[in-house]
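As stored in run06.txt (compact mmCIF, C-alpha atoms):
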# COMPACT_ATOMS: atom_id res chain seq x y z
CA MET C 13 163.98 157.16 174.36
CA ASN C 14 164.11 159.48 171.36
CA ILE C 15 164.06 157.76 167.98
CA ILE C 16 164.65 159.36 164.59
CA ILE C 17 163.15 157.57 161.60
CA ASP C 18 165.44 157.79 158.59
CA GLN C 19 163.00 157.70 155.68
CA PRO C 20 163.13 161.23 154.31
CA GLY C 21 161.86 160.55 150.81
CA GLY C 22 159.62 158.31 148.82
CA LEU C 23 156.09 159.60 149.30
CA GLY C 24 154.59 156.12 149.22
CA ASP C 25 157.23 154.86 151.65
CA ILE C 26 156.35 157.62 154.11
CA PHE C 27 152.65 156.81 153.84
CA PHE C 28 153.26 153.09 154.26
CA ILE C 29 155.41 153.24 157.42
CA GLN C 30 152.97 155.19 159.58
CA LYS C 31 152.08 152.04 161.52
CA ILE C 32 155.76 151.71 162.44
CA ALA C 33 155.78 155.31 163.69
CA ALA C 34 152.60 154.69 165.69
CA VAL C 35 153.85 151.50 167.33
CA LEU C 36 157.20 153.05 168.24
CA SER C 37 155.42 156.12 169.65
CA GLN C 38 153.72 153.95 172.27
CA GLU C 39 157.04 153.70 174.15
CA HIS C 40 159.30 156.31 172.57
CA THR C 41 159.28 159.87 171.27
CA VAL C 42 159.57 159.58 167.52
CA TYR C 43 160.90 162.18 165.08
CA HIS C 44 160.56 161.85 161.33
CA PRO C 45 162.28 164.46 159.14
CA VAL C 46 161.18 164.36 155.49
CA THR C 47 162.32 166.16 152.37
CA PRO C 48 160.75 169.56 151.75
CA ALA C 49 159.36 168.17 148.47
CA CYS C 50 157.50 165.35 150.25
CA TRP C 51 156.28 167.75 152.93
CA ALA C 52 154.88 170.10 150.29
CA ALA C 53 153.35 167.22 148.29
CA GLY C 54 151.00 166.34 151.14
CA VAL C 55 152.90 165.01 154.15
CA ASP C 56 151.98 168.28 155.88
CA GLN C 57 148.36 167.02 155.92
CA MET C 58 149.14 163.74 157.63
CA ILE C 59 147.83 162.98 161.11
CA THR C 60 150.61 161.09 162.81
CA SER C 61 151.79 160.15 166.28
CA SER C 62 155.38 161.14 165.47
CA HIS C 63 156.95 164.58 165.27
CA ILE C 64 157.13 164.95 161.52
CA GLY C 65 158.34 167.90 159.50
CA PRO C 66 160.67 169.07 156.73
CA GLN C 67 164.39 168.52 157.01
CA GLY C 68 166.14 171.59 158.35
CA GLN C 69 163.00 172.86 160.05
CA LEU C 70 161.98 169.97 162.30
CA GLN C 71 163.75 170.41 165.63
CA LEU C 72 165.51 167.14 166.46
CA PRO C 73 166.49 166.06 169.96
CA SER C 74 170.04 166.34 171.22
CA GLY C 75 171.88 163.82 173.32
CA GLU C 76 171.25 160.10 173.14
CA VAL C 77 168.98 159.14 170.25
CA GLY C 78 168.29 155.99 168.32
CA VAL C 79 168.15 156.05 164.53
CA LEU C 80 165.89 153.66 162.65
CA ASP C 81 167.12 153.55 159.08
CA LEU C 82 164.16 152.40 156.99
CA SER C 83 165.74 153.58 153.74
CA ASN C 84 168.42 150.89 153.72
CA VAL C 85 167.13 147.75 155.42
CA PRO C 86 168.44 144.27 154.52
CA LYS C 87 166.48 142.50 151.78
CA PRO C 88 167.04 138.77 152.28
CA ARG C 89 164.21 137.84 149.90
CA GLY C 90 165.71 139.91 147.08
CA SER C 91 166.39 143.48 145.95
CA TRP C 92 162.76 143.85 144.90
CA ASP C 93 161.51 143.62 148.50
CA VAL C 94 161.78 147.32 149.31
CA MET C 95 158.58 147.72 151.34
CA GLY C 96 157.86 144.66 153.46
CA THR C 97 161.40 144.59 154.84
CA LYS C 98 160.78 147.94 156.55
CA TYR C 99 158.33 146.16 158.82
CA ASP C 100 160.65 143.16 159.17
CA ALA C 101 163.24 145.56 160.61
CA VAL C 102 161.03 146.26 163.64
CA GLY C 103 159.35 142.87 163.86
CA ILE C 104 155.74 143.84 163.21
CA SER C 105 153.17 143.02 160.54
CA TYR C 106 152.01 145.48 157.91
CA ASP C 107 148.67 143.73 157.35
CA ASP C 108 146.64 146.67 158.69
CA TRP C 109 148.94 149.52 157.66
CA GLN C 110 145.96 151.37 156.13
CA ASP C 111 144.44 151.86 159.59
CA TYR C 112 147.44 153.96 160.65
CA PHE C 113 147.74 156.10 157.52
CA LYS C 114 145.58 159.11 158.33
CA TYR C 115 145.39 162.58 156.88
CA GLU C 116 143.27 165.70 156.94
CA ARG C 117 141.50 166.47 153.69
CA ASN C 118 140.94 169.98 152.43
CA PRO C 119 137.44 170.13 150.86
CA GLU C 120 138.01 173.60 149.44
CA ARG C 121 141.14 172.57 147.55
CA GLU C 122 139.49 169.35 146.36
CA GLU C 123 136.57 171.40 145.02
CA ASN C 124 138.88 173.89 143.32
CA LEU C 125 140.76 171.05 141.63
CA ARG C 126 137.51 169.44 140.46
CA LYS C 127 136.50 172.72 138.82
CA ARG C 128 139.95 173.22 137.33
CA LEU C 129 139.66 169.79 135.72
CA GLY C 130 136.31 170.78 134.20
CA LEU C 131 134.34 168.12 136.08
CA ASP C 132 130.76 168.58 137.17
CA LYS C 133 129.51 166.35 139.96
CA GLY C 134 127.87 163.35 138.34
CA ASP C 135 130.02 163.50 135.21
CA PRO C 136 131.29 160.09 134.08
CA PHE C 137 135.08 160.08 133.86
CA ILE C 138 138.12 157.84 133.90
CA PHE C 139 141.25 158.67 135.90
CA VAL C 140 144.63 158.09 134.29
CA ASN C 141 148.06 158.54 135.84
CA PRO C 142 151.06 157.75 133.63
CA TYR C 143 153.69 159.28 135.94
CA TYR C 144 155.86 157.84 138.70
CA SER C 145 158.98 158.97 140.56
CA VAL C 146 159.91 162.47 139.36
CA TYR C 147 157.45 162.47 136.48
CA LYS C 148 158.81 159.51 134.56
CA PRO C 149 156.19 158.30 132.04
CA MET C 150 154.56 154.88 131.74
CA LYS C 151 152.71 155.25 128.46
CA GLY C 152 150.90 151.91 128.66
CA VAL C 153 148.17 153.29 130.93
CA TYR C 154 146.49 154.92 127.94
CA GLN C 155 145.96 151.54 126.30
CA GLN C 156 143.39 150.57 128.92
CA ILE C 157 140.96 153.41 128.16
CA PRO C 158 137.93 151.76 126.53
CA GLU C 159 137.62 152.51 122.84
CA GLY C 160 134.78 154.94 122.21
CA TYR C 161 134.48 155.95 125.86
CA ASP C 162 132.10 158.92 125.89
CA GLY C 163 133.03 160.34 129.29
CA LYS C 164 135.98 162.49 130.20
CA VAL C 165 139.51 161.22 130.70
CA VAL C 166 141.22 162.98 133.60
CA GLU C 167 145.00 162.77 133.59
CA MET C 168 147.09 163.51 136.66
CA ASP C 169 149.30 165.95 134.78
CA PRO C 170 152.23 167.49 136.73
CA ASN C 171 151.50 170.76 134.93
CA ILE C 172 148.22 171.12 136.83
CA SER C 173 149.15 173.56 139.57
CA GLY C 174 147.91 173.71 143.12
CA GLY C 175 146.97 170.07 143.61
CA LYS C 176 148.63 168.23 146.50
CA VAL C 177 148.23 164.46 146.46
CA PHE C 178 145.29 164.46 148.90
CA ASP C 179 143.52 167.13 146.88
CA TRP C 180 142.85 164.40 144.30
CA CYS C 181 140.78 162.33 146.75
CA TRP C 182 137.43 163.40 145.29
CA VAL C 183 138.69 162.46 141.81
CA PHE C 184 139.91 159.08 143.05
CA GLU C 185 136.61 158.40 144.80
CA ASN C 186 134.36 159.27 141.86
CA ALA C 187 136.15 157.92 138.77
CA GLU C 188 134.45 155.11 136.86
CA GLU C 189 137.81 153.48 136.18
CA MET C 190 141.35 153.95 137.52
CA HIS C 191 144.43 153.34 135.38
CA SER C 192 147.82 154.17 136.86
CA VAL C 193 151.43 153.12 136.94
CA ASP C 194 152.40 151.81 140.39
CA THR C 195 153.16 154.80 142.57
CA SER C 196 152.40 156.50 145.89
CA LEU C 197 148.83 157.23 144.76
CA HIS C 198 147.85 153.65 145.44
CA TYR C 199 148.49 154.07 149.15
CA VAL C 200 146.01 156.94 149.19
CA MET C 201 143.48 155.06 147.07
CA GLU C 202 143.65 152.13 149.48
CA THR C 203 142.19 154.35 152.22
CA LEU C 204 139.21 155.58 150.16
CA ASP C 205 135.79 154.24 149.16
CA LEU C 206 136.28 154.01 145.41
CA LYS C 207 133.36 153.89 142.99
CA ALA C 208 135.50 152.55 140.15
CA THR C 209 134.56 149.13 138.82
CA ARG C 210 137.92 148.65 137.12
CA LEU C 211 141.28 149.25 138.76
CA THR C 212 144.43 148.62 136.75
CA ILE C 213 148.10 148.99 137.68
CA HIS C 214 150.88 149.17 135.14
CA PRO C 215 154.30 148.11 136.45
CA ARG C 216 157.11 150.63 136.51
CA HIS C 217 159.36 147.58 136.34
CA TYR C 218 158.21 144.52 134.44
CA LYS C 219 160.16 142.04 136.60
CA TYR C 220 159.17 142.83 140.15
CA SER C 221 156.66 145.67 140.61
CA GLU C 222 153.79 143.33 141.40
CA ARG C 223 155.88 141.44 143.96
CA VAL C 224 156.64 144.69 145.81
CA TYR C 225 152.94 145.25 146.50
CA ASP C 226 152.00 141.64 147.25
CA GLY C 227 149.96 141.71 150.46
CA ILE C 228 150.10 145.50 150.70
CA LEU C 229 147.28 146.46 148.33
CA LYS C 230 143.90 145.02 149.33
CA LYS C 231 141.57 146.39 146.67
CA PRO C 232 140.94 144.30 143.51
CA TRP C 233 143.72 145.79 141.40
CA GLN C 234 144.43 144.19 138.04
CA TRP C 235 148.11 144.13 137.12
CA ILE C 236 148.72 144.59 133.39
CA GLU C 237 151.40 142.23 132.14
CA TYR C 238 154.14 143.28 129.74
CA THR C 239 156.90 141.44 127.98
CA ARG C 240 160.34 142.91 128.38
CA ASP C 241 160.18 144.57 124.93
CA GLU C 242 156.68 145.96 125.50
CA TRP C 243 157.70 147.35 128.88
CA ARG C 244 160.86 148.89 127.45
CA GLU C 245 158.82 150.74 124.82
CA MET C 246 156.24 152.00 127.31
CA THR C 247 158.66 152.90 130.13
CA PRO C 248 161.68 154.39 128.35
CA MET C 249 163.17 156.17 131.40
CA GLU C 250 163.23 153.23 133.81
CA VAL C 251 166.43 151.33 134.56
CA GLU C 252 166.12 147.60 133.88

Using the file provided, produce a representation of the structure as structure tokens.
Amino acid sequence: MNIIIDQPGGLGDIFFIQKIAAVLSQEHTVYHPVTPACWAAGVDQMITSSHIGPQGQLQLPSGEVGVLDLSNVPKPRGSWDVMGTKYDAVGISYDDWQDYFKYERNPEREENLRKRLGLDKGDPFIFVNPYYSVYKPMKGVYQQIPEGYDGKVVEMDPNISGGKVFDWCWVFENAEEMHSVDTSLHYVMETLDLKATRLTIHPRHYKYSERVYDGILKKPWQWIEYTRDEWREMTPMEVE
């Protein structure tokens, strides 16, 4: 049977559901159209058992097909449960989702990005990412940079051209510390051997961000807690 996965957007969502695509592909032919933006951001480097490609360019089957809508699955545990319920919809566990999320790295682009960031191999540096969604800021990440830190602080700035998400893998692997708002980057980081001794996540939503990732992230991430007023100040573009 031909099955179309309806999960065109959400880079982290696409990364996370690759086990679902792999399991379905054991008995079916699976197609997964994604937005051109997600394709260009790095999905084109993924190694997957499904037929995946940008909407409008991926040739979909005609005739009888099944559609698996993973964008709008029921959330009996609450509106916050936007990730685990995708696996509930097909009756499988996401415990080892990392084993199914595979991609081909581009060493040349990773090296070019390292040079563009002004990093020499062996340089001490901290990685900071304040952006989530379409470049909404979470300003609290800067508060975790140690006072008087004498290394470099590398920010994942959207104005840095030419860097797809997987092109940052060398940076992720070699940072001394990682400070980021919760976003799709964490799915990539979960697949890497990180040198960082401190890993902090800042919630895009103070009420439920940590619950979304419960059981999904395996590395020793430290969630930074905010009161409602603190979160509102640091995350001015997020809807409460």

**For region 169-186 of chain C: contacts at 8 Å, only C-alpha atoms, fewer than 5 positions along chain excluded, given as a PyMOL selection string** = chain C and resi 52-54+117-119+121-122+125-126+139+141+147+197+200-201+204-208

**Prompt:** CA of Ile16 (chain C) and CA of Thr47 (chain C) are how many Å apart?
**Reply:** 14.2 Å

**Request:** Find the residues near Val85 (chain C): any atom within 8 Å, counting only C-alpha atoms, skip ones fewer than 4 places away on the same chain, and give them as a PyMOL selection string.
**Result:** chain C and resi 81+97-98+101

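Here the question is which of C:Arg240, C:Arg210, C:Lys31, C:His191 gets nearest to Glu167 (chain C) using all atoms listed in the file, and that residue is C:His191.
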
**Prompt:** Of the residues C:Trp235, C:Phe137, C:Tyr106, C:Tyr144, which is the one nearest to Ser196 (chain C), using only C-alpha atoms?
**Reply:** C:Tyr144

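Comparing C:Tyr115, C:Tyr43, C:Trp92, C:Tyr99 by their smallest distance to Gln57 (chain C), the closest is C:Tyr115 (using only C-alpha atoms).
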
**Residue neighbourhood His44 (chain C), 7 Å, all atoms listed in the file, exclusion window fewer than 5 positions, as a ChimeraX atom specification** = /C:16-18,62-65

**Nearby residues, (163.8, 140.6, 150.4) file frame, 12 Å, all atoms listed in the file, as number ranges by chain** = C: 84-101, 220, 223-224

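Between CA of Lys151 (chain C) and CA of Met190 (chain C) there is a distance of 14.6 Å.
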
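Coordinates place CA of Glu188 (chain C) at a distance of 18.7 Å from CA of Gly152 (chain C).
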
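Shortest atom-to-atom contact with Ala187 (chain C) among C:Glu237, C:Glu242, C:Glu159, C:Asp135: C:Asp135, counting only C-alpha atoms.
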
**Message:** Taking 3 positions as the minimum chain separation for residues in the same chain, which residues sit within 8 Å of Tyr199 (chain C) when counting all atoms listed in the file? Answer as a ChimeraX atom specification.
**Reply:** /C:24,27-28,110,196,202-203,229

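Close contacts of Lys164 (chain C), defined as residues with an atom at most 7 Å away when counting only C-alpha atoms, with chain neighbours fewer than 2 positions off set aside, comprise Pro136, Phe137, Ile138, Asp162 and Val166 of chain C.
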